[in-house]
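Peer 1: Below is a structure I'd like to ask you about.
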Amino acid sequence: MEFNDQQLAAIEHDGSHVLVLAGAGTGKTMVIVGRTAHLIRSGVEPGRILLLTFTRRAAREMTARLRLEVGPASDLLIAGTFHHFCLRTMRSMPKSFGTQDSTVIDRDDQIQVMRLVRSLHRKKGEKFPRASEIVRVASYARNTNIPASEYLERFPRWEDDVNERVLHCISGYGERKTASNYIDFDDILFIFASRLHRDEGLRTKLAGLYDHILVDEMQDTNPLQMLILDGLRDPARLFCVGDDAQSIYAFRGADFRNVHSFTEMVPGSSVLKLERNYRSHQEILDLANWLLSESPLEYGRILEARRGKGFKPFLIDFDSDFDEARWIVEDIVERNDRGARLSEHMIIARTAFSTRATEAALIEKKIPYRYVGGTQLFHAAHVKDVVSLIRCVASMMDEIAWMRYLTIWPGIGDRTAALMIDGIREKRGENPAVIFSWLRSSLKRSSNLVDGLEAVASHWNDPPEAMQRACSCLEEVLETRYAGWEGRKRDLELLVRLCSRHRTLGGFLETYALDPMTSSIVERLENDDCVTLITAHSAKGTEARVCYLLKAEPGQYPHFRSLGDEDAEEEERRVLYVAMTRAMDELILTRSLRRIRFPWSLGLGDGPQAFPGSGYFLRDIPPGLVKHDLDGSLGSGEGDDQIIISWRDRE
DNA sequence: AAGCTCTGCTTTTTT
DNA sequence: AGCAGAGCTT
């Protein structure tokens, strides 16, 4: 690898803590990899280097590059997401953290627990925030390290008495969680951070494990994560890399003061900059620069392409998202026929939801693809059913798993299941065999559900076998429950295959609680060259020669859900900015303007009137910045109240 | 009283 | 596609 002077300065920086401000495409990952290699070469033990990223994707990418760069030493590095690292540490010393036997629960399970609690606090027939909304509030408050009560006081969302009961829900949720031995994603960070700062002995011990802590995507760190870095630094040195123009996780509590005020928050630190873009041609950056220049905020970031000039971005309108999807897929096929690899193409979407048409078109044309951020394998109903059986055996206190598993069986509903769960809880500490036989005698009619439990328990240390048995035990009931069973059955076969990578089912559960891979990624194990379909959020940190920006239309950028909230809209601008700057050679923005309909809209009505002229970033693209299929049809002499009409509908 | 079925509503982004 | 709630069946 060759580096420019700025990159080299960062890589070889030998002072105290440092923040590297790095614009899109300036070689951020390369610098982290380069510095790691440099540190190892200068004698730092790889095991004393901690690499933290924000997303699993970034973590995977980084470890892959490190393997190429530093060889087998890369296996000794401690690398992963914040959540991964914290959980790993807690698991290795459970007594210090008080997290023995805990089950990690994902977002869905959180909502499930909250739903139970919510029902106790909601008055009959009353309009009350949904469980998912309450979970969001609770999660945001924890990640920004403020009490939920204070958060609701500062940003009141509901009537006073509703707010109050929402707070009861949140504390009830916490109690329920403790009773079931659950820890959620936020707990992973929270428990780690709180012990780290409360227990001096532990802090000294943990901080003593590392000499260097390298953090990617610093602009996405939240206060909790900053506290973790605070507790671990000194003597360990921080090397944080970030770009405030790419901050797109405020909804998760990310606080870009961690970048803006870095030098104040971390005494003795300095700031370095990477300013030269090596990824894209200038025309692509011109469009991205223009987008930021339209913002009321001063990003002070003008990207300059070292690669010089190339193609202008395309902006193409379609009649429907079906046409849009078909065109993209045909375009990829054509390029592929001319010799381009499929993997050079990335289709970027604002939401996972908006990729349906494209996915269908890819499947129809039999183009292999992987869908990053897509419907996660472990979120599919039938998969959760089977996994619930495994979870029941893993932790008898796992009430969500029991509720799910028991109600799969005909004749057992919420009520019976709840009674059984109470019975199981009373037998806390008993041998599983005792619980199983009690269940068998209590459930005369569906006592064969115990067969599955026993089969899994007796093959606990042979994951593929246990999973196989779990699946065959449930197959009959699930087949009647779900339409299209053949397709779903394939997912279960996938589960068995995934199990073979683990020595125990416990390891299996924990791995996929944190990293619920998509089925299309699993399929990719057999399919190397494929198109990438990805959300803009997951796409950060990646690049591709040809990028299609799916549905670059009103209602997506900014997303209609954020309209009216200035900060949220501004974050949407950065999302679009991130998406655009992924492209190396060609950027193709597509949209379908005619059928914009949001039936559930927030008082916006449906049909084209839903979007008056404002609130769409690409409305006033200066002529010449993109090649539009009807140049100048947008933003020319049309008043603010005008709607956009596809050129196809014009006279 | 518990379980089941049908209908209408909903869908940002991630660990 | 899945969930909440209403209404129907066992």
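Chain lettering (A, B, ...) mirrors the order of the structure tokens, residue numbering begins at 1 for each chain separately, and ligand numbering begins at 1 in order of display.
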Give me the residues within 9 Å of segment 347-352 of chain A as a VMD selection string, counting only C-alpha atoms (C1' of nucleotides) and dropping any in the same chain fewer than 6 places off.

Peer 2: (chain A and resid 328 358 372 to 375 531 to 537 539 546 to 552 556 to 557 559 575 to 576 579) or (chain B and resid 12 to 13)

Peer 1: Residues of chain A within 9 Å of chain B, counting only C-alpha atoms (C1' of nucleotides), what are they? List them as a PDB file with C-alpha atoms, in the first residue's frame.

Peer 2:
```pdb
ATOM      1  CA  PHE A  54     -19.854   0.515  14.689  1.00  0.00           C
ATOM      2  CA  THR A  55     -21.429  -1.957  12.350  1.00  0.00           C
ATOM      3  CA  ARG A  56     -20.778  -5.629  11.855  1.00  0.00           C
ATOM      4  CA  THR A  81     -18.300  -3.898  17.136  1.00  0.00           C
ATOM      5  CA  PHE A  82     -18.647  -2.176  20.499  1.00  0.00           C
ATOM      6  CA  HIS A  83     -21.400  -4.603  21.384  1.00  0.00           C
ATOM      7  CA  HIS A  84     -19.308  -7.577  20.415  1.00  0.00           C
ATOM      8  CA  ASP A 106     -32.848  -8.692  20.188  1.00  0.00           C
ATOM      9  CA  PHE A 185     -28.408  -4.602  23.248  1.00  0.00           C
ATOM     10  CA  ASP A 186     -28.403  -1.456  25.339  1.00  0.00           C
ATOM     11  CA  ILE A 248     -26.313   9.123  10.183  1.00  0.00           C
ATOM     12  CA  TYR A 249     -27.048   7.400  13.462  1.00  0.00           C
ATOM     13  CA  PHE A 251     -31.614   8.223  15.917  1.00  0.00           C
ATOM     14  CA  ARG A 252     -29.594   5.743  17.878  1.00  0.00           C
ATOM     15  CA  ARG A 350     -33.015   4.242   1.725  1.00  0.00           C
ATOM     16  CA  THR A 351     -35.085   1.582   3.449  1.00  0.00           C
ATOM     17  CA  ALA A 352     -34.996  -2.167   3.509  1.00  0.00           C
ATOM     18  CA  PHE A 353     -38.670  -2.031   2.689  1.00  0.00           C
ATOM     19  CA  GLY A 373     -29.618  -5.319   5.863  1.00  0.00           C
ATOM     20  CA  PRO A 410     -52.720 -26.445  18.589  1.00  0.00           C
ATOM     21  CA  GLY A 411     -54.951 -25.964  21.557  1.00  0.00           C
ATOM     22  CA  ILE A 412     -52.450 -23.900  23.489  1.00  0.00           C
ATOM     23  CA  GLY A 413     -52.983 -20.152  23.541  1.00  0.00           C
ATOM     24  CA  ASP A 414     -51.692 -17.268  25.628  1.00  0.00           C
ATOM     25  CA  ARG A 415     -53.564 -18.329  28.690  1.00  0.00           C
ATOM     26  CA  THR A 416     -52.401 -21.915  28.954  1.00  0.00           C
ATOM     27  CA  LEU A 514     -25.726 -10.237  17.786  1.00  0.00           C
ATOM     28  CA  ASP A 515     -25.282 -11.006  14.124  1.00  0.00           C
ATOM     29  CA  THR A 535     -29.412   0.057   2.630  1.00  0.00           C
ATOM     30  CA  ALA A 536     -27.633   3.394   2.671  1.00  0.00           C
ATOM     31  CA  HIS A 537     -26.892   2.905   6.356  1.00  0.00           C
ATOM     32  CA  SER A 538     -25.206  -0.418   5.826  1.00  0.00           C
ATOM     33  CA  HIS A 559     -37.622  10.078   4.171  1.00  0.00           C
ATOM     34  CA  ARG A 561     -41.071  10.169   8.330  1.00  0.00           C
ATOM     35  CA  SER A 562     -38.526  12.831   9.116  1.00  0.00           C
ATOM     36  CA  VAL A 575     -27.657   9.652   4.344  1.00  0.00           C
ATOM     37  CA  TRP A 600     -50.798   5.494   5.975  1.00  0.00           C
TER      38      TRP A 600
END
```

Peer 1: For a quick test of understanding: name the residues of chain C lying within 10 Å of chain A when counting only C-alpha atoms (C1' of nucleotides), and present them as JSON, numbers by chain.

Peer 2: {"C": [1, 2, 5]}

Peer 1: Print the selection's residues with C-alpha atoms (C1' of nucleotides) to a file, as an mmCIF file, in the first residue's frame.

Peer 2:
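Final file, out-v6.cif:
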```
data_model
loop_
_atom_site.group_PDB
_atom_site.id
_atom_site.type_symbol
_atom_site.label_atom_id
_atom_site.label_comp_id
_atom_site.auth_asym_id
_atom_site.auth_seq_id
_atom_site.Cartn_x
_atom_site.Cartn_y
_atom_site.Cartn_z
ATOM 1 C "C1'" DA C 1 -45.964 -10.188 6.069
ATOM 2 C "C1'" DG C 2 -47.130 -9.758 10.620
ATOM 3 C "C1'" DG C 5 -58.435 -6.245 17.959
#
```

Peer 1: Could you work out how far atom CA of Asp187 of chain A lies from atom CA of Val456 of chain A, giving the answer in Å with one decimal?

Peer 2: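 Distance reported for this atom pair: 28.6 Å.
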
Peer 1: Could you go through segment 232-340 of chain A and tell me which residues DSSP, when run on the backbone, assigns to strand (DSSP E or B), listing them as a PyMOL selection string?

Peer 2: chain A and resi 237-242+270-274+276-277+304-305+314-318

Peer 1: Could you save those same residues with C-alpha atoms as an mmCIF file, in the first residue's frame?

Peer 2:
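The resulting result_9.cif:
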```cif
data_model
loop_
_atom_site.group_PDB
_atom_site.id
_atom_site.type_symbol
_atom_site.label_atom_id
_atom_site.label_comp_id
_atom_site.auth_asym_id
_atom_site.auth_seq_id
_atom_site.Cartn_x
_atom_site.Cartn_y
_atom_site.Cartn_z
ATOM 1 C CA ARG A 237 -4.040 5.562 23.244
ATOM 2 C CA LEU A 238 -7.117 6.378 21.226
ATOM 3 C CA PHE A 239 -6.964 6.604 17.465
ATOM 4 C CA CYS A 240 -10.417 7.622 16.303
ATOM 5 C CA VAL A 241 -11.411 8.145 12.705
ATOM 6 C CA GLY A 242 -14.575 9.892 11.625
ATOM 7 C CA SER A 270 -4.769 16.267 18.591
ATOM 8 C CA VAL A 271 -6.620 16.326 15.292
ATOM 9 C CA LEU A 272 -5.363 15.219 11.890
ATOM 10 C CA LYS A 273 -7.096 15.448 8.537
ATOM 11 C CA LEU A 274 -7.416 13.371 5.401
ATOM 12 C CA ARG A 276 -7.974 13.748 -0.736
ATOM 13 C CA ASN A 277 -10.594 11.513 -2.262
ATOM 14 C CA GLU A 304 -11.643 16.811 -4.641
ATOM 15 C CA ALA A 305 -11.074 13.786 -6.805
ATOM 16 C CA PHE A 314 -27.327 9.861 -14.415
ATOM 17 C CA LEU A 315 -30.788 10.702 -13.184
ATOM 18 C CA ILE A 316 -33.503 8.558 -14.725
ATOM 19 C CA ASP A 317 -37.246 8.697 -14.196
ATOM 20 C CA PHE A 318 -39.603 5.773 -14.501
#
```

Peer 1: Would you work out the distance separating atom CA of Gly47 of chain A from atom CA of Leu229 of chain A, expressed in Å to one decimal?

Peer 2: 17.5 Å

Peer 1: Based on DSSP run over this structure's backbone, return all residues of segment 22-257 of chain A in helix (DSSP H, G or I), as a ChimeraX atom specification.

Peer 2: /A:28-41,46-48,56-76,82-92,94-97,107-121,131-143,148-154,160-179,185-198,200-207,218-220,223-232,244-246,250-252,257

Peer 1: Distance atom CA of Ser437 of chain A-atom CA of Ile183 of chain A, one decimal place?

Peer 2: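 Distance between the two atoms: 29.0 Å.
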
Peer 1: Pick out the residues sitting within 10 Å of Glu399 of chain A, and hand them over as a list in words; count only C-alpha atoms (C1' of nucleotides), and ignore anything fewer than 2 positions along from it in its own chain.

Peer 2: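 Result of the neighbour search: Val113, Arg176, Lys177, Ala179, Ser180, Asn181, Tyr182, Ser388, Arg391, Cys392, Ser395, Met396, Met397, Ala401, Trp402, Met403, Arg404, Tyr405, Ala417, Ala418, Ile421, Asp422, Ile424 and Arg425 of chain A.
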